[in-house]
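Dropping run_34.txt in here (compact mmCIF, C-alpha atoms (C1' of nucleotides)):
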```
# COMPACT_ATOMS: atom_id res chain seq x y z
CA MET A 149 -5.23 -43.17 33.91
CA MET A 150 -1.63 -42.13 33.45
CA ASP A 151 -2.17 -38.37 33.67
CA LEU A 152 -2.12 -37.52 37.32
CA GLU A 153 -5.24 -35.46 37.97
CA ASN A 154 -5.64 -34.28 41.49
CA SER A 155 -8.69 -36.43 42.17
CA THR A 156 -8.27 -39.30 44.60
CA ASN A 157 -9.62 -41.74 42.06
CA GLU A 158 -6.95 -40.85 39.51
CA LYS A 159 -4.26 -41.26 42.15
CA ILE A 160 -5.62 -44.68 43.08
CA ARG A 161 -5.63 -45.77 39.42
CA TYR A 162 -2.13 -44.44 38.86
CA VAL A 163 -0.62 -46.17 41.89
CA ALA A 164 -2.59 -49.40 41.40
CA PHE A 165 -1.48 -49.68 37.78
CA ARG A 166 2.16 -49.34 38.76
CA LEU A 167 1.95 -51.89 41.56
CA PHE A 168 -0.15 -54.39 39.58
CA LEU A 169 2.44 -54.15 36.82
CA GLU A 170 5.56 -54.37 38.97
CA LYS A 171 4.56 -56.56 41.91
CA GLY A 172 1.64 -58.39 40.36
CA TYR A 173 -1.99 -58.71 41.42
CA GLU A 174 -1.50 -61.16 44.25
CA ALA A 175 1.44 -59.39 45.85
CA THR A 176 -0.15 -55.96 45.64
CA ASN A 177 -2.32 -55.21 48.61
CA ILE A 178 -4.85 -52.50 49.28
CA ARG A 179 -2.79 -51.14 52.15
CA ASP A 180 0.25 -50.52 49.94
CA ILE A 181 -1.85 -48.75 47.32
CA CYS A 182 -3.56 -46.58 49.92
CA ARG A 183 -0.33 -45.70 51.70
CA GLU A 184 1.12 -44.32 48.47
CA VAL A 185 -2.11 -42.50 47.61
CA GLY A 186 -2.37 -41.07 51.10
CA ILE A 187 -5.77 -42.43 52.13
CA LYS A 188 -7.00 -45.15 54.46
CA PRO A 189 -7.95 -48.56 53.00
CA SER A 190 -11.63 -48.06 53.76
CA SER A 191 -11.67 -44.98 51.54
CA LEU A 192 -10.67 -47.01 48.51
CA TYR A 193 -13.85 -49.04 48.88
CA PHE A 194 -15.83 -45.87 48.23
CA TYR A 195 -14.49 -45.96 44.64
CA TYR A 196 -14.24 -49.69 44.01
CA ARG A 197 -16.22 -52.53 45.52
CA SER A 198 -13.21 -54.88 45.51
CA LYS A 199 -9.61 -55.37 44.48
CA GLN A 200 -10.89 -57.32 41.47
CA GLU A 201 -13.08 -54.46 40.31
CA LEU A 202 -10.15 -52.06 40.54
CA PHE A 203 -7.97 -54.43 38.56
CA PHE A 204 -10.45 -54.98 35.74
CA SER A 205 -11.25 -51.30 35.55
CA LEU A 206 -7.58 -50.75 34.66
CA TYR A 207 -7.32 -53.84 32.46
CA ASP A 208 -10.32 -52.85 30.34
CA GLU A 209 -9.24 -49.24 30.10
CA ILE A 210 -5.85 -50.20 28.69
CA TRP A 211 -7.37 -52.51 26.09
CA ASP A 212 -10.10 -50.01 25.22
CA GLU A 213 -7.62 -47.22 24.64
CA LYS A 214 -5.48 -49.42 22.40
CA VAL A 215 -8.32 -50.85 20.34
CA GLN A 216 -10.05 -47.49 19.93
CA TYR A 217 -6.80 -45.97 18.74
CA LEU A 218 -6.31 -48.71 16.15
CA GLU A 219 -9.95 -48.60 15.01
CA ASN A 220 -9.74 -44.87 14.38
CA ILE A 221 -6.46 -44.28 12.58
CA PRO A 222 -7.24 -41.32 10.29
CA VAL A 223 -5.19 -42.46 7.25
CA LEU A 224 -6.95 -45.82 7.23
CA LYS A 225 -10.24 -44.03 6.59
CA GLN A 226 -8.86 -42.76 3.30
CA ASN A 227 -9.23 -44.55 0.01
CA LEU A 228 -5.93 -46.38 -0.19
CA SER A 229 -4.76 -49.65 -1.68
CA PRO A 230 -5.23 -52.42 0.93
CA ASP A 231 -1.55 -53.42 0.90
CA VAL A 232 -0.65 -49.85 1.83
CA LYS A 233 -3.35 -49.97 4.49
CA LEU A 234 -1.93 -53.16 6.02
CA CYS A 235 1.54 -51.65 6.09
CA LEU A 236 0.15 -48.54 7.77
CA LEU A 237 -1.78 -50.59 10.30
CA PHE A 238 1.37 -52.48 11.25
CA THR A 239 3.41 -49.31 11.46
CA LYS A 240 0.84 -47.54 13.61
CA THR A 241 0.42 -50.58 15.84
CA MET A 242 4.13 -50.82 16.52
CA GLU A 243 4.39 -47.07 17.03
CA TYR A 244 1.52 -47.10 19.52
CA CYS A 245 3.07 -50.00 21.43
CA SER A 246 6.48 -48.33 21.33
CA GLN A 247 5.00 -45.30 23.02
CA ASN A 248 3.02 -47.37 25.52
CA ILE A 249 5.42 -50.17 26.38
CA ILE A 250 4.48 -50.39 30.04
CA LYS A 251 0.79 -50.75 29.22
CA GLN A 252 1.63 -53.52 26.78
CA LYS A 253 3.80 -55.14 29.44
CA PHE A 254 0.81 -55.04 31.78
CA LEU A 255 -1.33 -56.85 29.20
CA LEU A 256 1.43 -59.38 28.50
CA ARG A 257 1.93 -60.10 32.18
CA TYR A 258 -1.72 -60.94 32.80
CA HIS A 259 -2.06 -62.84 29.53
CA LEU A 260 0.95 -65.08 30.23
CA PHE A 261 0.53 -65.45 33.97
CA PRO A 262 -3.03 -64.65 35.09
CA PRO A 263 -3.70 -64.91 38.83
CA GLU A 264 -5.74 -68.02 39.55
CA GLU A 265 -8.52 -65.92 41.03
CA LEU A 266 -8.97 -63.96 37.79
CA ILE A 267 -8.07 -66.59 35.23
CA SER A 268 -11.48 -67.18 33.64
CA MET A 269 -12.45 -63.51 33.50
CA ILE A 270 -9.11 -62.55 31.98
CA ARG A 271 -9.43 -65.25 29.36
CA ASP A 272 -12.90 -64.03 28.35
CA LYS A 273 -11.87 -60.41 28.24
CA PHE A 274 -8.70 -61.24 26.33
CA ARG A 275 -10.74 -63.04 23.68
CA PHE A 276 -13.16 -60.15 23.38
CA TRP A 277 -10.48 -57.50 22.95
CA THR A 278 -8.20 -59.48 20.62
CA ASN A 279 -11.21 -60.30 18.46
CA ARG A 280 -11.94 -56.62 18.10
CA GLU A 281 -8.28 -55.87 17.42
CA ASN A 282 -7.90 -58.67 14.87
CA ASN A 283 -11.03 -57.58 13.03
CA ILE A 284 -9.22 -54.46 11.89
CA ALA A 285 -6.50 -56.43 10.12
CA SER A 286 -8.98 -59.07 9.00
CA LYS A 287 -10.99 -56.63 6.90
CA ILE A 288 -7.88 -55.32 5.19
CA VAL A 289 -6.59 -58.82 4.45
CA GLU A 290 -9.92 -59.72 2.86
CA GLU A 291 -9.71 -56.61 0.74
CA CYS A 292 -6.26 -57.74 -0.39
CA LEU A 293 -7.69 -61.08 -1.46
CA ASP A 294 -10.64 -59.46 -3.26
CA LYS A 295 -8.35 -57.21 -5.23
CA LYS A 296 -5.96 -60.12 -5.85
CA ILE A 297 -3.08 -58.33 -4.16
CA LEU A 298 -2.62 -61.43 -2.01
CA ASP A 299 -2.57 -64.91 -3.49
CA ARG A 300 -5.77 -66.99 -3.20
CA TYR A 301 -3.54 -69.97 -2.40
CA LYS A 302 -3.92 -69.19 1.30
CA SER A 303 -7.19 -68.26 3.02
CA ALA A 304 -7.83 -64.94 4.72
CA ALA A 305 -7.69 -66.73 8.07
CA ASP A 306 -4.22 -68.09 7.22
CA TYR A 307 -2.91 -64.68 6.25
CA LEU A 308 -4.43 -63.14 9.35
CA ARG A 309 -2.80 -65.76 11.55
CA GLU A 310 0.59 -65.02 10.03
CA TYR A 311 0.09 -61.28 10.45
CA VAL A 312 -0.93 -61.64 14.11
CA ARG A 313 1.98 -63.99 14.79
CA PHE A 314 4.35 -61.51 13.19
CA VAL A 315 3.03 -58.55 15.19
CA ASN A 316 3.06 -60.47 18.47
CA ALA A 317 6.59 -61.78 18.01
CA HIS A 318 8.02 -58.28 17.61
CA LEU A 319 5.75 -56.80 20.23
CA THR A 320 6.93 -59.37 22.77
CA GLU A 321 10.55 -58.80 21.86
CA MET A 322 10.08 -55.06 22.32
CA ILE A 323 8.39 -55.48 25.70
CA ILE A 324 10.98 -57.90 27.04
CA SER A 325 14.00 -55.95 25.80
CA ASN A 326 12.21 -52.73 26.80
CA ILE A 327 13.63 -50.88 23.81
CA LYS A 328 11.50 -48.67 21.55
CA MET A 329 11.73 -49.33 17.84
CA SER A 330 12.70 -46.62 15.40
CA ASP A 331 10.36 -45.88 12.48
CA VAL A 332 13.05 -47.11 10.11
CA LYS A 333 13.38 -50.42 11.87
CA ILE A 334 9.61 -50.90 11.93
CA HIS A 335 9.42 -50.28 8.21
CA ASN A 336 12.27 -52.69 7.48
CA LEU A 337 10.53 -55.38 9.49
CA TRP A 338 7.41 -54.87 7.42
CA LEU A 339 9.27 -55.15 4.11
CA ARG A 340 10.86 -58.43 5.19
CA PHE A 341 7.48 -59.77 6.27
CA TRP A 342 5.71 -58.66 3.10
CA ASN A 343 8.35 -60.26 0.88
CA TYR A 344 8.17 -63.43 2.94
CA ILE A 345 4.37 -63.59 2.64
CA PHE A 346 4.52 -63.58 -1.16
CA MET B 163 12.71 -83.41 40.00
CA MET B 164 10.22 -84.41 37.34
CA ASP B 165 10.49 -88.17 37.80
CA LEU B 166 8.11 -89.08 40.53
CA GLU B 167 10.09 -91.16 43.00
CA ASN B 168 8.18 -92.39 45.94
CA SER B 169 10.06 -90.28 48.42
CA THR B 170 8.20 -87.45 50.08
CA ASN B 171 10.85 -84.99 49.02
CA GLU B 172 10.43 -85.82 45.35
CA LYS B 173 6.67 -85.40 45.67
CA ILE B 174 7.13 -82.01 47.32
CA ARG B 175 9.46 -80.87 44.54
CA TYR B 176 7.14 -82.14 41.85
CA VAL B 177 4.05 -80.45 43.25
CA ALA B 178 5.85 -77.24 44.18
CA PHE B 179 7.32 -76.88 40.70
CA ARG B 180 3.88 -77.20 39.11
CA LEU B 181 2.27 -74.70 41.46
CA PHE B 182 5.13 -72.19 41.32
CA LEU B 183 4.91 -72.36 37.52
CA GLU B 184 1.13 -72.14 37.19
CA LYS B 185 0.02 -70.03 40.14
CA GLY B 186 3.25 -68.20 40.84
CA TYR B 187 5.35 -67.94 43.98
CA GLU B 188 3.15 -65.52 45.89
CA ALA B 189 -0.11 -67.30 45.19
CA THR B 190 1.27 -70.74 46.02
CA ASN B 191 1.06 -71.53 49.69
CA ILE B 192 2.60 -74.26 51.78
CA ARG B 193 -0.82 -75.61 52.70
CA ASP B 194 -1.77 -76.17 49.03
CA ILE B 195 1.50 -77.94 48.28
CA CYS B 196 1.17 -80.18 51.33
CA ARG B 197 -2.46 -81.03 50.63
CA GLU B 198 -1.51 -82.36 47.19
CA VAL B 199 1.52 -84.21 48.54
CA GLY B 200 -0.50 -85.70 51.36
CA ILE B 201 1.47 -84.41 54.31
CA LYS B 202 0.96 -81.78 56.98
CA PRO B 203 2.60 -78.35 56.55
CA SER B 204 4.96 -78.91 59.46
CA SER B 205 6.41 -81.96 57.67
CA LEU B 206 7.56 -79.84 54.76
CA TYR B 207 9.78 -77.87 57.13
CA PHE B 208 11.71 -81.03 57.80
CA TYR B 209 12.97 -80.86 54.18
CA TYR B 210 13.17 -77.11 53.63
CA ARG B 211 13.70 -74.32 56.10
CA SER B 212 11.41 -71.95 54.23
CA LYS B 213 9.28 -71.38 51.15
CA GLN B 214 12.18 -69.40 49.68
CA GLU B 215 14.61 -72.27 50.16
CA LEU B 216 12.21 -74.66 48.40
CA PHE B 217 11.80 -72.22 45.52
CA PHE B 218 15.52 -71.64 44.95
CA SER B 219 16.26 -75.34 45.25
CA LEU B 220 14.00 -75.83 42.21
CA TYR B 221 15.21 -72.70 40.41
CA ASP B 222 18.87 -73.66 40.67
CA GLU B 223 18.22 -77.27 39.74
CA ILE B 224 16.51 -76.26 36.50
CA TRP B 225 19.34 -73.91 35.53
CA ASP B 226 22.01 -76.42 36.55
CA GLU B 227 20.48 -79.18 34.47
CA LYS B 228 20.26 -76.91 31.42
CA VAL B 229 23.77 -75.47 31.68
CA GLN B 230 25.37 -78.83 32.40
CA TYR B 231 23.64 -80.32 29.39
CA LEU B 232 24.93 -77.52 27.14
CA GLU B 233 28.44 -77.66 28.61
CA ASN B 234 28.71 -81.37 27.91
CA ILE B 235 27.36 -81.90 24.40
CA PRO B 236 29.44 -84.83 23.09
CA VAL B 237 29.80 -83.62 19.46
CA LEU B 238 31.14 -80.27 20.64
CA LYS B 239 34.10 -82.08 22.23
CA GLN B 240 35.16 -83.29 18.79
CA ASN B 241 37.53 -81.45 16.51
CA LEU B 242 35.11 -79.57 14.27
CA SER B 243 35.15 -76.26 12.45
CA PRO B 244 33.83 -73.54 14.82
CA ASP B 245 31.01 -72.52 12.45
CA VAL B 246 29.75 -76.09 12.54
CA LYS B 247 30.11 -76.05 16.32
CA LEU B 248 28.04 -72.87 16.64
CA CYS B 249 25.34 -74.35 14.44
CA LEU B 250 25.33 -77.49 16.56
CA LEU B 251 25.19 -75.51 19.78
CA PHE B 252 22.16 -73.60 18.53
CA THR B 253 20.46 -76.75 17.33
CA LYS B 254 21.07 -78.60 20.59
CA THR B 255 19.95 -75.59 22.63
CA MET B 256 16.66 -75.33 20.77
CA GLU B 257 16.13 -79.08 20.93
CA TYR B 258 16.75 -79.12 24.66
CA CYS B 259 14.33 -76.24 25.21
CA SER B 260 11.78 -77.87 22.92
CA GLN B 261 11.85 -80.94 25.10
CA ASN B 262 11.76 -78.95 28.34
CA ILE B 263 9.34 -76.15 27.51
CA ILE B 264 7.73 -75.99 30.94
CA LYS B 265 11.08 -75.66 32.67
CA GLN B 266 11.99 -72.82 30.32
CA LYS B 267 8.60 -71.24 31.00
CA PHE B 268 9.41 -71.41 34.72
CA LEU B 269 12.70 -69.58 34.13
CA LEU B 270 11.01 -67.01 31.88
CA ARG B 271 8.26 -66.33 34.40
CA TYR B 272 10.66 -65.55 37.23
CA HIS B 273 13.01 -63.60 34.98
CA LEU B 274 10.25 -61.36 33.62
CA PHE B 275 8.18 -61.05 36.77
CA PRO B 276 10.20 -61.89 39.88
CA PRO B 277 8.32 -61.70 43.19
CA GLU B 278 9.41 -58.62 45.10
CA GLU B 279 10.61 -60.77 48.00
CA LEU B 280 13.04 -62.68 45.74
CA ILE B 281 13.98 -60.01 43.23
CA SER B 282 17.60 -59.41 44.21
CA MET B 283 18.46 -63.07 44.68
CA ILE B 284 16.87 -64.00 41.35
CA ARG B 285 18.78 -61.25 39.58
CA ASP B 286 22.09 -62.49 41.01
CA LYS B 287 21.40 -66.10 40.20
CA PHE B 288 20.17 -65.21 36.73
CA ARG B 289 23.43 -63.38 36.03
CA PHE B 290 25.50 -66.28 37.30
CA TRP B 291 23.72 -68.90 35.19
CA THR B 292 23.45 -66.86 31.99
CA ASN B 293 27.15 -66.03 32.26
CA ARG B 294 27.96 -69.70 32.37
CA GLU B 295 25.58 -70.41 29.50
CA ASN B 296 26.92 -67.57 27.36
CA ASN B 297 30.51 -68.65 27.92
CA ILE B 298 29.86 -71.73 25.84
CA ALA B 299 28.91 -69.71 22.76
CA SER B 300 31.52 -67.08 23.54
CA LYS B 301 34.41 -69.50 23.17
CA ILE B 302 33.13 -70.76 19.82
CA VAL B 303 32.60 -67.22 18.51
CA GLU B 304 36.17 -66.33 19.43
CA GLU B 305 37.40 -69.40 17.62
CA CYS B 306 35.44 -68.22 14.56
CA LEU B 307 37.22 -64.88 14.70
CA ASP B 308 40.64 -66.48 15.17
CA LYS B 309 40.14 -68.68 12.15
CA LYS B 310 38.69 -65.76 10.20
CA ILE B 311 35.40 -67.53 9.63
CA LEU B 312 33.67 -64.48 11.03
CA ASP B 313 34.57 -60.98 9.93
CA ARG B 314 36.83 -58.91 12.22
CA TYR B 315 34.60 -55.93 11.49
CA LYS B 316 32.52 -56.78 14.56
CA SER B 317 33.94 -57.77 17.95
CA ALA B 318 33.36 -61.12 19.61
CA ALA B 319 31.10 -59.38 22.12
CA ASP B 320 28.98 -57.97 19.27
CA TYR B 321 28.59 -61.37 17.64
CA LEU B 322 27.78 -62.97 20.95
CA ARG B 323 25.12 -60.35 21.65
CA GLU B 324 23.48 -61.07 18.31
CA TYR B 325 23.60 -64.80 18.89
CA VAL B 326 22.05 -64.52 22.36
CA ARG B 327 19.38 -62.16 21.06
CA PHE B 328 18.58 -64.58 18.28
CA VAL B 329 18.32 -67.59 20.59
CA ASN B 330 16.20 -65.73 23.13
CA ALA B 331 13.77 -64.38 20.54
CA HIS B 332 12.93 -67.84 19.25
CA LEU B 333 13.01 -69.40 22.69
CA THR B 334 10.48 -66.86 23.95
CA GLU B 335 8.28 -67.39 20.92
CA MET B 336 8.36 -71.13 21.50
CA ILE B 337 7.49 -70.80 25.18
CA ILE B 338 4.63 -68.38 24.61
CA SER B 339 3.12 -70.28 21.68
CA ASN B 340 3.87 -73.54 23.54
CA ILE B 341 4.70 -75.32 20.29
CA LYS B 342 7.79 -77.49 19.90
CA MET B 343 9.99 -76.78 16.89
CA SER B 344 10.82 -79.45 14.36
CA ASP B 345 14.49 -80.16 13.60
CA VAL B 346 13.94 -78.86 10.07
CA LYS B 347 12.54 -75.56 11.28
CA ILE B 348 15.39 -75.13 13.75
CA HIS B 349 17.94 -75.69 11.00
CA ASN B 350 16.20 -73.24 8.65
CA LEU B 351 16.24 -70.60 11.37
CA TRP B 352 19.96 -71.10 11.74
CA LEU B 353 20.64 -70.76 8.02
CA ARG B 354 18.72 -67.49 7.88
CA PHE B 355 20.62 -66.20 10.92
CA TRP B 356 24.01 -67.26 9.59
CA ASN B 357 23.40 -65.61 6.22
CA TYR B 358 22.19 -62.48 7.98
CA ILE B 359 25.30 -62.35 10.18
CA PHE B 360 27.59 -62.32 7.16
C1' DG C 258 -15.61 -38.52 50.94
C1' DT C 259 -12.68 -39.84 54.53
C1' DC C 260 -12.00 -41.60 58.89
C1' DT C 261 -11.54 -45.30 63.21
C1' DA C 262 -12.23 -49.76 64.54
C1' DT C 263 -12.68 -54.32 63.72
C1' DA C 264 -14.39 -58.61 61.79
C1' DA C 265 -13.05 -62.96 59.62
C1' DG C 266 -9.94 -65.50 57.51
C1' DA C 267 -5.49 -67.07 55.31
C1' DG C 268 -0.57 -67.03 55.41
C1' DG C 269 4.36 -68.69 56.98
C1' DA C 270 6.56 -70.77 60.53
C1' DT C 271 7.62 -73.24 65.20
C1' DA C 272 7.28 -76.34 69.57
C1' DG C 273 7.14 -80.57 71.04
C1' DA C 274 4.84 -85.36 71.12
C1' DC C 275 5.24 -89.85 68.90
C1' DG D 172 9.82 -88.36 59.50
C1' DT D 173 5.31 -87.10 60.47
C1' DC D 174 1.94 -85.46 63.41
C1' DT D 175 -1.20 -81.94 66.48
C1' DA D 176 -1.59 -77.57 68.16
C1' DT D 177 -0.65 -73.00 67.99
C1' DC D 178 1.61 -68.28 67.27
C1' DC D 179 1.72 -64.18 65.00
C1' DT D 180 1.22 -61.50 61.15
C1' DC D 181 -0.95 -59.90 57.13
C1' DT D 182 -5.07 -59.58 54.17
C1' DT D 183 -9.65 -58.13 52.21
C1' DA D 184 -13.57 -56.09 53.42
C1' DT D 185 -17.39 -53.93 56.37
C1' DA D 186 -19.89 -50.96 59.99
C1' DG D 187 -20.70 -46.78 61.33
C1' DA D 188 -19.04 -41.98 63.03
C1' DC D 189 -17.89 -37.37 61.22
```

Since I need it in another form, could you write the structure as structure tokens?
Amino acid sequence: MMDLENSTNEKIRYVAFRLFLEKGYEATNIRDICREVGIKPSSLYFYYRSKQELFFSLYDEIWDEKVQYLENIPVLKQNLSPDVKLCLLFTKTMEYCSQNIIKQKFLLRYHLFPPEELISMIRDKFRFWTNRENNIASKIVEECLDKKILDRYKSAADYLREYVRFVNAHLTEMIISNIKMSDVKIHNLWLRFWNYIF
Amino acid sequence: MMDLENSTNEKIRYVAFRLFLEKGYEATNIRDICREVGIKPSSLYFYYRSKQELFFSLYDEIWDEKVQYLENIPVLKQNLSPDVKLCLLFTKTMEYCSQNIIKQKFLLRYHLFPPEELISMIRDKFRFWTNRENNIASKIVEECLDKKILDRYKSAADYLREYVRFVNAHLTEMIISNIKMSDVKIHNLWLRFWNYIF
DNA sequence: GTCTATAAGAGGATAGAC
DNA sequence: GTCTATCCTCTTATAGAC
């Protein structure tokens, strides 16, 4: 989506993403998109049946790219201790988001303030994608409990909730301040969290 | 604004605030507001010259209420040590926001994602109001430096920046999670921050 | 695939009666 | 103060030619 191929469709996706992010769904109109792409509005309807379809095509692509990246981190396929795995997952998550801040800002925008017209579909899709994303951490947390690396005093669900809360807090801060985090800072955050969890 | 007087104007402000918060400025139209209020669209123009004027009337009122509250906290008028004052300011700020989450969410929405039509005016107003708000903490921080309660290693501006960052991070978290903070939790946050600052 | 032309409706705002 | 009636513009989307 972000690499500008010469095809009309890629141009549409590129421009639409930028306008949906900056102006929002409701304030972005087909005419504006088409003017920037250099086509007439009717041509856009050759690629997408509606403004909604265009929006969700982008929305799903952004989530899919993120979740697929996190599901296929090479080091996590290796045989490592689960506490190391969880640290790596956090590190890789924050690195990915650091390098894709505007895509994360897009997701945050439509999670916090979904257009009325799209509200129920966004909620469903959000649940689907966050479930898939949380499953990755969930498995590792359970492994930590099995191997008694984490205390049985809290349940896996409790630990997961704390992990997700922790990730989201720093993700949000990064998006709003629009400042990438250094690898050192990310690692320091993790150490503080891990010590706090114990 | 939030107390439903019987006057038409109060009803307009009440309904408009809710719709501007939930649906956003662009997606909220005069017709929807008036339908809920029970008047015809032309009647609204007796009270406000435009949709913009109605919006900024609400926007400024919310900021004004918040800043005036923080500028006039009774205990801060007393003769206390500046470190105690800063702790009290933080506590009162978080308490106020806790009790007015939806108003803070309104401010966050239009700070993060201002409608294109209002973007420059919102930016100016935001600067004006945050300057006034930050001045309150600024004076206390300077007093801390004067009395050598805070180290001269960092400047007042540096300390202020950290304080503002700290407040905003927890404010944002509260707004997004939509959960009020208990007095105990607020105080614990402060202790961690104060120890970290030293 | 891209165009012209246009339908069909919703939006902000005003004029002027009562 | 509130209404009816209306203006004008902008919007999504479609029909059909090339």

Please, which residues of chain D lie no more than 9 Å from chain A when the count uses all atoms listed in the file, and can they be set out as a PDB file with C-alpha atoms (C1' of nucleotides), keeping the file's coordinate frame?
```
ATOM      1  C1'  DT D 182      -5.070 -59.580  54.170  1.00  0.00           C
ATOM      2  C1'  DT D 183      -9.650 -58.130  52.210  1.00  0.00           C
ATOM      3  C1'  DA D 184     -13.570 -56.090  53.420  1.00  0.00           C
ATOM      4  C1'  DT D 185     -17.390 -53.930  56.370  1.00  0.00           C
TER       5       DT D 185
END
```

Who sits within 9 Å of Tyr258 (chain B), only C-alpha atoms (C1' of nucleotides), same chain under 6 positions skipped, as JSON, numbers by chain: {"B": [228, 231, 232]}

Proximal residues of chain C relative to chain B (all atoms listed in the file; 12 Å) as a VMD selection string: chain C and resid 267 to 273

Kindly determine which residues of chain B lie within 9 Å of chain A, considering only C-alpha atoms, and give the answer as a PyMOL selection string. chain B and resi 183-186+188-189+271+274-278+331-332+334-335+338

What is the distance, in Å and to one decimal place, between CA of Ser286 (chain A) and CA of Asn340 (chain B)?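 Atom-to-atom, CA of Ser286 (chain A) and CA of Asn340 (chain B) are spaced 24.2 Å apart.
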
With the input short on atoms, add N, CA and C atoms back to region 255-271 of chain A and write it as a PDB file, in the coordinates of the input.
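Final output, result.pdb:
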```pdb
ATOM      1  N   LEU A 255      -0.471 -55.873  29.887  1.00  0.00           N
ATOM      2  CA  LEU A 255      -1.330 -56.850  29.200  1.00  0.00           C
ATOM      3  C   LEU A 255      -0.618 -58.184  29.023  1.00  0.00           C
ATOM      4  N   LEU A 256       0.677 -58.136  28.679  1.00  0.00           N
ATOM      5  CA  LEU A 256       1.430 -59.380  28.500  1.00  0.00           C
ATOM      6  C   LEU A 256       1.518 -60.161  29.802  1.00  0.00           C
ATOM      7  N   ARG A 257       1.800 -59.434  30.878  1.00  0.00           N
ATOM      8  CA  ARG A 257       1.930 -60.100  32.180  1.00  0.00           C
ATOM      9  C   ARG A 257       0.677 -60.911  32.522  1.00  0.00           C
ATOM     10  N   TYR A 258      -0.489 -60.268  32.378  1.00  0.00           N
ATOM     11  CA  TYR A 258      -1.720 -60.940  32.800  1.00  0.00           C
ATOM     12  C   TYR A 258      -2.253 -61.922  31.769  1.00  0.00           C
ATOM     13  N   HIS A 259      -1.727 -61.826  30.527  1.00  0.00           N
ATOM     14  CA  HIS A 259      -2.060 -62.840  29.530  1.00  0.00           C
ATOM     15  C   HIS A 259      -1.227 -64.103  29.783  1.00  0.00           C
ATOM     16  N   LEU A 260       0.054 -63.914  30.026  1.00  0.00           N
ATOM     17  CA  LEU A 260       0.950 -65.080  30.230  1.00  0.00           C
ATOM     18  C   LEU A 260       0.728 -65.736  31.586  1.00  0.00           C
ATOM     19  N   PHE A 261       0.593 -64.905  32.620  1.00  0.00           N
ATOM     20  CA  PHE A 261       0.530 -65.450  33.970  1.00  0.00           C
ATOM     21  C   PHE A 261      -0.638 -64.852  34.755  1.00  0.00           C
ATOM     22  N   PRO A 262      -1.859 -65.192  34.376  1.00  0.00           N
ATOM     23  CA  PRO A 262      -3.030 -64.650  35.090  1.00  0.00           C
ATOM     24  C   PRO A 262      -3.130 -65.224  36.490  1.00  0.00           C
ATOM     25  N   PRO A 263      -3.470 -64.393  37.480  1.00  0.00           N
ATOM     26  CA  PRO A 263      -3.700 -64.910  38.830  1.00  0.00           C
ATOM     27  C   PRO A 263      -4.860 -65.898  38.790  1.00  0.00           C
ATOM     28  N   GLU A 264      -4.731 -66.959  39.563  1.00  0.00           N
ATOM     29  CA  GLU A 264      -5.740 -68.020  39.550  1.00  0.00           C
ATOM     30  C   GLU A 264      -7.148 -67.470  39.764  1.00  0.00           C
ATOM     31  N   GLU A 265      -7.231 -66.506  40.655  1.00  0.00           N
ATOM     32  CA  GLU A 265      -8.520 -65.920  41.030  1.00  0.00           C
ATOM     33  C   GLU A 265      -9.206 -65.233  39.849  1.00  0.00           C
ATOM     34  N   LEU A 266      -8.406 -64.764  38.883  1.00  0.00           N
ATOM     35  CA  LEU A 266      -8.970 -63.960  37.790  1.00  0.00           C
ATOM     36  C   LEU A 266      -8.932 -64.690  36.458  1.00  0.00           C
ATOM     37  N   ILE A 267      -8.456 -65.919  36.472  1.00  0.00           N
ATOM     38  CA  ILE A 267      -8.070 -66.590  35.230  1.00  0.00           C
ATOM     39  C   ILE A 267      -9.197 -66.656  34.199  1.00  0.00           C
ATOM     40  N   SER A 268     -10.407 -67.014  34.629  1.00  0.00           N
ATOM     41  CA  SER A 268     -11.480 -67.180  33.640  1.00  0.00           C
ATOM     42  C   SER A 268     -11.957 -65.836  33.099  1.00  0.00           C
ATOM     43  N   MET A 269     -12.022 -64.837  33.963  1.00  0.00           N
ATOM     44  CA  MET A 269     -12.450 -63.510  33.500  1.00  0.00           C
ATOM     45  C   MET A 269     -11.427 -62.909  32.551  1.00  0.00           C
ATOM     46  N   ILE A 270     -10.151 -63.086  32.868  1.00  0.00           N
ATOM     47  CA  ILE A 270      -9.110 -62.550  31.980  1.00  0.00           C
ATOM     48  C   ILE A 270      -9.174 -63.226  30.624  1.00  0.00           C
ATOM     49  N   ARG A 271      -9.376 -64.534  30.637  1.00  0.00           N
ATOM     50  CA  ARG A 271      -9.430 -65.250  29.360  1.00  0.00           C
ATOM     51  C   ARG A 271     -10.576 -64.741  28.496  1.00  0.00           C
TER      52      ARG A 271
END
```
